[in-house]
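To start, the structure itself, in structure tokens.
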Amino acid sequence: MRFIVLLSALIFWAQGAVALDLRIATITRPPFSMEDGGRATGFSIDLWQALARDIGIHTTFERATQFPAMLDQVQNGEIDAAIANISITARREVLMDFSQPIFESGLQIMIPAEAGSSSAMWTALFSGDLLIAILLAFALLFGGGMLMWRLERHKQEYFNMPAKDAMFPAFWWALNLVVNGGFEERQPRSPLGRALGVFLVVSSLFIVSVFVAKITTAMTINAIQSSVTSVNDLYGKNNGTIADSTAAIFLDARNLNYTGYPDLVTLLADFENGALDAVVFDAPILAWYANSKAGKNAQMAGPVFMRENYGIALPSGSELAEPINQSLLKLREDGTYDRIYRKWFGTALR
């Protein structure tokens, strides 16, 4: 019955005699569809409103909470159309109709913003292996200093003190010997003390080399493990995306592990909390988030991949398809589409 009413109304619309009142489903996906002060706004919303004015139809927006539920409404004919960031795919085309593409997009990776080399340095400094090496070095310096105190305590005034008082001076002497080559006025005077001093100076070369190697290795490993520049770097990472999305299908095809989230809010919340190493989803949505105040700790990684087009989803056999497609061509030709595009994206995504 609704189909007959819609068909009749479209015939009258073509004759300029009636304006349709359509129910259009959408979902919050900034910058394509969102709410501002209770009013629907975004690229897809502005584009639809331009189409509605051109076709001569009235619109009531109904905001869905989950993407699959919105598409189910379209498939079952419970809604006249749906618009947001709806990818045109072969699987969906079997279940519903689509307008001509309204936006060219693709998938991209978003990762936590790198804190910089200073963060990597601190991570390296507090690695377990390096801390053990530092403790061993301090133990060797202390042991070497106290052994020198034992050999030199009756040979020079600097070491002439009880053991409990000599602990720090002996350590300080050994540290200066390793770092600066020792004190000229406090050269060892006993044969064994001189032999120990030479041994400490020579061994210090190896100690310094170990420290430098440890720090360099730790920083390199940290950089390799944290860097994500392509899809191949996602293996072994904690990845996240929206369940049943085109991104989820892509990750499944590549045998990449991921956590599927019911909505974007939950996904971004886990990302902000550090539960995810990477998010794979629609490039313009992730870029919008990364450039917003909320995404100050996020950055995009690698190029856009798996190119796809967004379209307006319609129930199969919808009589709205032809008027919408004609209007889309008109809006592209008269510059309306470009004005809406520049309002939300500038020229960055083209």
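Letters A, B, ... go to the chains of the structure tokens in the order shown; residues in each chain start at 1; ligands are counted from 1 in the same order.
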When you look at range 248-254 of chain A with a cut-off of 10 Å (counting only C-alpha atoms), what residues show up, excluding the ones that are within fewer than 2 positions of it in the same chain? I need them as a short mmCIF file (atom, residue, chain, number, x, y, z; two decimals) with N, CA, C and O atoms, in the first residue's frame.
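In the end it all went to result.cif:
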data_model
loop_
_atom_site.label_atom_id
_atom_site.label_comp_id
_atom_site.auth_asym_id
_atom_site.auth_seq_id
_atom_site.Cartn_x
_atom_site.Cartn_y
_atom_site.Cartn_z
N LEU A 107 39.23 3.23 3.28
CA LEU A 107 39.59 2.93 4.65
C LEU A 107 40.96 3.51 4.98
O LEU A 107 41.79 3.72 4.09
N VAL A 231 48.80 -1.69 6.32
CA VAL A 231 47.96 -2.79 6.79
C VAL A 231 48.82 -3.94 7.32
O VAL A 231 48.46 -4.60 8.31
N ASN A 232 49.96 -4.18 6.71
CA ASN A 232 50.83 -5.28 7.14
C ASN A 232 51.34 -5.11 8.56
O ASN A 232 51.72 -6.09 9.21
N LEU A 234 49.55 -4.23 11.03
CA LEU A 234 48.45 -4.46 11.97
C LEU A 234 48.47 -5.85 12.58
O LEU A 234 47.78 -6.09 13.58
N TYR A 235 49.24 -6.77 12.00
CA TYR A 235 49.32 -8.11 12.56
C TYR A 235 49.98 -8.07 13.94
O TYR A 235 51.03 -7.44 14.11
N ASN A 239 43.61 -4.26 17.30
CA ASN A 239 42.90 -3.45 16.33
C ASN A 239 41.42 -3.36 16.69
O ASN A 239 40.86 -4.25 17.33
N GLY A 240 40.80 -2.28 16.26
CA GLY A 240 39.38 -2.09 16.50
C GLY A 240 38.69 -1.50 15.30
O GLY A 240 39.30 -0.74 14.54
N THR A 241 37.41 -1.84 15.10
CA THR A 241 36.59 -1.25 14.05
C THR A 241 35.13 -1.46 14.41
O THR A 241 34.81 -2.01 15.48
N ILE A 242 34.23 -1.01 13.55
CA ILE A 242 32.80 -1.20 13.78
C ILE A 242 32.40 -2.58 13.26
O ILE A 242 32.76 -2.95 12.14
N ALA A 243 31.68 -3.33 14.05
CA ALA A 243 31.25 -4.67 13.65
C ALA A 243 30.38 -4.60 12.40
O ALA A 243 29.57 -3.68 12.24
N ASP A 244 30.57 -5.57 11.50
CA ASP A 244 29.78 -5.71 10.27
C ASP A 244 29.98 -4.57 9.29
O ASP A 244 29.19 -4.41 8.35
N SER A 245 31.01 -3.75 9.48
CA SER A 245 31.30 -2.66 8.55
C SER A 245 32.17 -3.18 7.41
O SER A 245 32.66 -4.31 7.44
N THR A 246 32.36 -2.34 6.39
CA THR A 246 33.25 -2.73 5.29
C THR A 246 34.67 -2.91 5.80
O THR A 246 35.43 -3.72 5.27
N LEU A 256 43.13 -10.62 9.94
CA LEU A 256 43.63 -9.72 10.97
C LEU A 256 42.67 -9.74 12.16
O LEU A 256 41.45 -9.60 12.00
N ASN A 257 43.22 -9.94 13.35
CA ASN A 257 42.40 -9.94 14.55
C ASN A 257 41.94 -8.53 14.87
O ASN A 257 42.70 -7.56 14.70
N TYR A 258 40.73 -8.40 15.37
CA TYR A 258 40.21 -7.08 15.74
C TYR A 258 39.04 -7.26 16.71
O TYR A 258 38.45 -8.34 16.81
N THR A 259 38.72 -6.17 17.38
CA THR A 259 37.53 -6.12 18.22
C THR A 259 36.47 -5.33 17.49
O THR A 259 36.72 -4.19 17.07
N GLY A 260 35.30 -5.93 17.31
CA GLY A 260 34.21 -5.24 16.63
C GLY A 260 33.32 -4.52 17.63
O GLY A 260 32.86 -5.11 18.61
N TYR A 261 33.08 -3.24 17.41
CA TYR A 261 32.28 -2.42 18.33
C TYR A 261 30.91 -2.12 17.72
O TYR A 261 30.78 -1.99 16.49
N VAL A 280 40.78 0.85 12.40
CA VAL A 280 40.62 0.79 10.95
C VAL A 280 39.16 1.10 10.64
O VAL A 280 38.25 0.39 11.08
N PHE A 281 38.96 2.18 9.89
CA PHE A 281 37.59 2.58 9.57
C PHE A 281 37.62 3.58 8.42
O PHE A 281 38.67 3.84 7.84
N MET A 306 41.58 0.40 -0.08
CA MET A 306 40.27 -0.17 -0.39
C MET A 306 39.26 0.94 -0.68
O MET A 306 38.30 1.16 0.07
#
Using only C-alpha atoms, which of A:Gln75, A:Ser190, A:Gln100, A:Gln156 sits nearest Arg332 in chain A?
->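 Going through A:Gln75, A:Ser190, A:Gln100, A:Gln156 one by one, the smallest distance to Arg332 in chain A is for A:Gln100.
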Long-range neighbours of range 59-67 of chain A as a ChimeraX atom specification, 7 Å cut-off, only C-alpha atoms, 2 positions minimum in chain = /A:21-27,57,69-71,262-263
Write the residues you've just listed into a file as a JSON list (two decimals), in the first residue's frame, and include all heavy atoms for each of them.
[["chain", "number", "residue", "atom", "x", "y", "z"],
["A", 21, "ASP", "N", 6.33, 13.86, 1.87],
["A", 21, "ASP", "CA", 6.88, 13.92, 3.22],
["A", 21, "ASP", "C", 7.51, 12.55, 3.49],
["A", 21, "ASP", "O", 6.80, 11.58, 3.74],
["A", 21, "ASP", "CB", 5.79, 14.23, 4.24],
["A", 21, "ASP", "CG", 6.36, 14.50, 5.61],
["A", 21, "ASP", "OD1", 7.61, 14.49, 5.73],
["A", 21, "ASP", "OD2", 5.59, 14.71, 6.57],
["A", 22, "LEU", "N", 8.84, 12.48, 3.42],
["A", 22, "LEU", "CA", 9.55, 11.21, 3.50],
["A", 22, "LEU", "C", 10.27, 11.04, 4.83],
["A", 22, "LEU", "O", 10.74, 12.02, 5.42],
["A", 22, "LEU", "CB", 10.57, 11.09, 2.37],
["A", 22, "LEU", "CG", 10.02, 11.19, 0.94],
["A", 22, "LEU", "CD1", 11.15, 11.00, -0.06],
["A", 22, "LEU", "CD2", 8.92, 10.17, 0.70],
["A", 23, "ARG", "N", 10.35, 9.78, 5.27],
["A", 23, "ARG", "CA", 11.11, 9.43, 6.48],
["A", 23, "ARG", "C", 12.49, 8.97, 6.03],
["A", 23, "ARG", "O", 12.63, 7.97, 5.32],
["A", 23, "ARG", "CB", 10.39, 8.34, 7.26],
["A", 23, "ARG", "CG", 9.04, 8.74, 7.80],
["A", 23, "ARG", "CD", 8.27, 7.53, 8.28],
["A", 23, "ARG", "NE", 9.01, 6.82, 9.32],
["A", 23, "ARG", "CZ", 8.95, 5.51, 9.47],
["A", 23, "ARG", "NH1", 8.24, 4.76, 8.64],
["A", 23, "ARG", "NH2", 9.63, 4.92, 10.45],
["A", 24, "ILE", "N", 13.52, 9.69, 6.49],
["A", 24, "ILE", "CA", 14.90, 9.39, 6.09],
["A", 24, "ILE", "C", 15.69, 8.98, 7.33],
["A", 24, "ILE", "O", 15.78, 9.72, 8.31],
["A", 24, "ILE", "CB", 15.57, 10.61, 5.43],
["A", 24, "ILE", "CG1", 14.70, 11.13, 4.28],
["A", 24, "ILE", "CG2", 16.96, 10.25, 4.94],
["A", 24, "ILE", "CD1", 14.44, 10.11, 3.19],
["A", 25, "ALA", "N", 16.27, 7.78, 7.27],
["A", 25, "ALA", "CA", 17.08, 7.30, 8.38],
["A", 25, "ALA", "C", 18.51, 7.79, 8.25],
["A", 25, "ALA", "O", 19.04, 7.95, 7.15],
["A", 25, "ALA", "CB", 17.06, 5.77, 8.42],
["A", 26, "THR", "N", 19.13, 8.04, 9.38],
["A", 26, "THR", "CA", 20.54, 8.42, 9.40],
["A", 26, "THR", "C", 21.14, 7.93, 10.71],
["A", 26, "THR", "O", 20.44, 7.40, 11.57],
["A", 26, "THR", "CB", 20.71, 9.95, 9.23],
["A", 26, "THR", "OG1", 22.11, 10.26, 9.07],
["A", 26, "THR", "CG2", 20.18, 10.70, 10.44],
["A", 27, "ILE", "N", 22.44, 8.09, 10.86],
["A", 27, "ILE", "CA", 23.14, 7.67, 12.07],
["A", 27, "ILE", "C", 24.26, 8.65, 12.33],
["A", 27, "ILE", "O", 24.80, 9.25, 11.39],
["A", 27, "ILE", "CB", 23.68, 6.22, 11.92],
["A", 27, "ILE", "CG1", 24.18, 5.69, 13.26],
["A", 27, "ILE", "CG2", 24.75, 6.15, 10.84],
["A", 27, "ILE", "CD1", 24.48, 4.19, 13.24],
["A", 57, "ILE", "N", 10.46, 17.72, -1.92],
["A", 57, "ILE", "CA", 9.96, 16.80, -0.91],
["A", 57, "ILE", "C", 10.27, 17.32, 0.48],
["A", 57, "ILE", "O", 11.25, 18.04, 0.68],
["A", 57, "ILE", "CB", 10.57, 15.38, -1.08],
["A", 57, "ILE", "CG1", 12.10, 15.45, -1.07],
["A", 57, "ILE", "CG2", 10.07, 14.73, -2.35],
["A", 57, "ILE", "CD1", 12.78, 14.10, -1.19],
["A", 69, "ALA", "N", 21.00, -1.86, 12.05],
["A", 69, "ALA", "CA", 19.56, -1.66, 12.24],
["A", 69, "ALA", "C", 19.01, -0.66, 11.23],
["A", 69, "ALA", "O", 17.90, -0.82, 10.72],
["A", 69, "ALA", "CB", 19.29, -1.18, 13.66],
["A", 70, "MET", "N", 19.79, 0.37, 10.92],
["A", 70, "MET", "CA", 19.38, 1.35, 9.92],
["A", 70, "MET", "C", 19.23, 0.70, 8.55],
["A", 70, "MET", "O", 18.25, 0.93, 7.83],
["A", 70, "MET", "CB", 20.39, 2.50, 9.86],
["A", 70, "MET", "CG", 20.05, 3.57, 8.84],
["A", 70, "MET", "SD", 21.31, 4.88, 8.79],
["A", 70, "MET", "CE", 22.70, 3.98, 8.07],
["A", 71, "LEU", "N", 20.21, -0.14, 8.17],
["A", 71, "LEU", "CA", 20.14, -0.81, 6.87],
["A", 71, "LEU", "C", 18.99, -1.81, 6.83],
["A", 71, "LEU", "O", 18.38, -2.02, 5.78],
["A", 71, "LEU", "CB", 21.47, -1.50, 6.57],
["A", 71, "LEU", "CG", 22.68, -0.59, 6.39],
["A", 71, "LEU", "CD1", 23.91, -1.40, 6.00],
["A", 71, "LEU", "CD2", 22.42, 0.50, 5.36],
["A", 262, "PRO", "N", 29.90, -1.97, 18.55],
["A", 262, "PRO", "CA", 28.55, -1.71, 18.02],
["A", 262, "PRO", "C", 28.37, -0.30, 17.48],
["A", 262, "PRO", "O", 27.51, -0.07, 16.64],
["A", 262, "PRO", "CB", 27.65, -1.96, 19.24],
["A", 262, "PRO", "CG", 28.54, -1.68, 20.42],
["A", 262, "PRO", "CD", 29.91, -2.14, 20.01],
["A", 263, "ASP", "N", 29.16, 0.64, 17.97],
["A", 263, "ASP", "CA", 29.00, 2.02, 17.51],
["A", 263, "ASP", "C", 30.33, 2.76, 17.61],
["A", 263, "ASP", "O", 31.29, 2.29, 18.23],
["A", 263, "ASP", "CB", 27.93, 2.75, 18.33],
["A", 263, "ASP", "CG", 28.20, 2.68, 19.83],
["A", 263, "ASP", "OD1", 29.18, 3.29, 20.28],
["A", 263, "ASP", "OD2", 27.45, 1.98, 20.54]]
Could you tell me how far CA of Pro101 in chain A lies from CA of Tyr289 in chain A, in Å and to one decimal?
-> 23.3 Å
Can you pull out every residue within 7 Å of range 318-327 of chain A, counting only C-alpha atoms, but drop anything in the same chain fewer than 6 positions away, and send it as a PDB file with N, CA and C atoms, in the first residue's frame?
ATOM      1  N   LEU A   7       4.211   5.814  -5.309  1.00  0.00           N
ATOM      2  CA  LEU A   7       4.238   5.894  -6.761  1.00  0.00           C
ATOM      3  C   LEU A   7       3.278   6.969  -7.260  1.00  0.00           C
ATOM      4  N   LEU A  51      18.961  18.085  -2.135  1.00  0.00           N
ATOM      5  CA  LEU A  51      18.188  17.212  -3.013  1.00  0.00           C
ATOM      6  C   LEU A  51      16.689  17.392  -2.772  1.00  0.00           C
ATOM      7  N   ASP A  54      15.381  20.502  -4.306  1.00  0.00           N
ATOM      8  CA  ASP A  54      15.335  20.420  -5.765  1.00  0.00           C
ATOM      9  C   ASP A  54      14.194  19.515  -6.231  1.00  0.00           C
ATOM     10  N   ILE A  55      13.981  18.393  -5.538  1.00  0.00           N
ATOM     11  CA  ILE A  55      12.933  17.460  -5.933  1.00  0.00           C
ATOM     12  C   ILE A  55      11.559  17.955  -5.502  1.00  0.00           C
ATOM     13  N   SER A  99      21.625   5.039  -4.721  1.00  0.00           N
ATOM     14  CA  SER A  99      21.721   6.152  -5.663  1.00  0.00           C
ATOM     15  C   SER A  99      23.078   6.129  -6.324  1.00  0.00           C
ATOM     16  N   GLN A 100      23.305   7.066  -7.206  1.00  0.00           N
ATOM     17  CA  GLN A 100      24.653   7.275  -7.709  1.00  0.00           C
ATOM     18  C   GLN A 100      25.556   7.641  -6.528  1.00  0.00           C
TER      19      GLN A 100
END
Compile the contact shell of Gln73 in chain A as JSON, numbers by chain: residues with an atom at most 9 Å away, counting only C-alpha atoms, same-chain residues fewer than 6 positions apart removed.
-> {"A": [25, 79, 80, 81, 82, 315]}
Taking N, CA, C and O atoms for each residue, export the selection above as a PDB file, in the first residue's frame.
ATOM      1  N   ALA A  25      16.271   7.784   7.267  1.00  0.00           N
ATOM      2  CA  ALA A  25      17.081   7.298   8.383  1.00  0.00           C
ATOM      3  C   ALA A  25      18.513   7.789   8.254  1.00  0.00           C
ATOM      4  O   ALA A  25      19.036   7.948   7.146  1.00  0.00           O
ATOM      5  N   ILE A  79      11.506   2.429   5.913  1.00  0.00           N
ATOM      6  CA  ILE A  79      11.978   3.801   5.798  1.00  0.00           C
ATOM      7  C   ILE A  79      12.103   4.112   4.312  1.00  0.00           C
ATOM      8  O   ILE A  79      12.272   3.207   3.475  1.00  0.00           O
ATOM      9  N   ASP A  80      11.995   5.364   3.938  1.00  0.00           N
ATOM     10  CA  ASP A  80      12.042   5.717   2.515  1.00  0.00           C
ATOM     11  C   ASP A  80      13.461   5.750   1.966  1.00  0.00           C
ATOM     12  O   ASP A  80      13.675   5.478   0.780  1.00  0.00           O
ATOM     13  N   ALA A  81      14.430   6.086   2.801  1.00  0.00           N
ATOM     14  CA  ALA A  81      15.829   6.138   2.362  1.00  0.00           C
ATOM     15  C   ALA A  81      16.707   6.283   3.598  1.00  0.00           C
ATOM     16  O   ALA A  81      16.223   6.589   4.691  1.00  0.00           O
ATOM     17  N   ALA A  82      17.998   6.046   3.426  1.00  0.00           N
ATOM     18  CA  ALA A  82      18.967   6.238   4.505  1.00  0.00           C
ATOM     19  C   ALA A  82      20.188   6.927   3.927  1.00  0.00           C
ATOM     20  O   ALA A  82      20.612   6.616   2.808  1.00  0.00           O
ATOM     21  N   PRO A 315      15.053   1.302  -0.516  1.00  0.00           N
ATOM     22  CA  PRO A 315      14.459  -0.028  -0.625  1.00  0.00           C
ATOM     23  C   PRO A 315      14.494  -0.505  -2.076  1.00  0.00           C
ATOM     24  O   PRO A 315      14.437   0.301  -3.006  1.00  0.00           O
TER      25      PRO A 315
END
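Between CA of Asn238 in chain A and CA of Ile111 in chain A the separation is 10.6 Å.
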Write out as a PyMOL selection string all residues of range 19-119 of chain A that backbone DSSP assigns to alpha helix (DSSP H).
-> chain A and resi 43-55+67-75+90-95+117-119
Non-local contacts of Met148 in chain A (10 Å; only C-alpha atoms; under 2 positions in same chain excluded) as a list in words | Phe142, Gly143, Gly144, Gly145, Met146, Arg150, Leu151, Glu152, Arg153, Phe159, Ala170, Phe171, Trp173, Ala174, Pro188, Ser190, Leu192, Gly193, Arg194, Leu196 and Gly197 of chain A
Mind checking DSSP for range 36-198 of chain A and telling me the strand (DSSP E) residues as JSON, numbers by chain?
-> {"A": [36, 39, 40, 41, 57, 58, 59, 60, 61, 62, 63, 64, 81, 82, 97, 98, 103, 104, 105, 106, 107, 108, 109, 110, 111, 112]}
May I ask for the distance between CA of Val304 in chain A and CA of Ser87 in chain A, given in Å to one decimal place?
->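 Interatomic distance here is 14.9 Å.
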With only C-alpha atoms as the basis for distance, which of A:Ala113, A:Ala278, A:Ile340, A:Leu95 is at the shortest distance from Phe32 in chain A?
->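 Going through A:Ala113, A:Ala278, A:Ile340, A:Leu95 one by one, the smallest distance to Phe32 in chain A is for A:Ile340.
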Can you work out which one of A:Arg91, A:Lys164, A:Arg339, A:Arg29 has the shortest atom-to-atom distance to Leu286 in chain A, counting only C-alpha atoms?
->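 Among A:Arg91, A:Lys164, A:Arg339, A:Arg29, it is A:Arg29 that comes nearest to Leu286 in chain A.
Restricting the calculation to only C-alpha atoms, the smallest distance between Asn273 in chain A and any of A:Thr229, A:Thr336, A:Asn297, A:Asn85 is found for A:Asn297.
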Find the residue from A:Ala166, A:Met110, A:Val228, A:Ala84 that sits nearest to Gly42 in chain A; use only C-alpha atoms when measuring.
->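 Ranked by minimum distance to Gly42 in chain A, first place goes to A:Ala84.
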Tell me which of A:Pro162, A:Pro112, A:Leu140, A:Leu131 sits closest to Ala275 in chain A, counting only C-alpha atoms.
->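 Looking at the shortest contact to Ala275 in chain A, the residue is A:Pro112.
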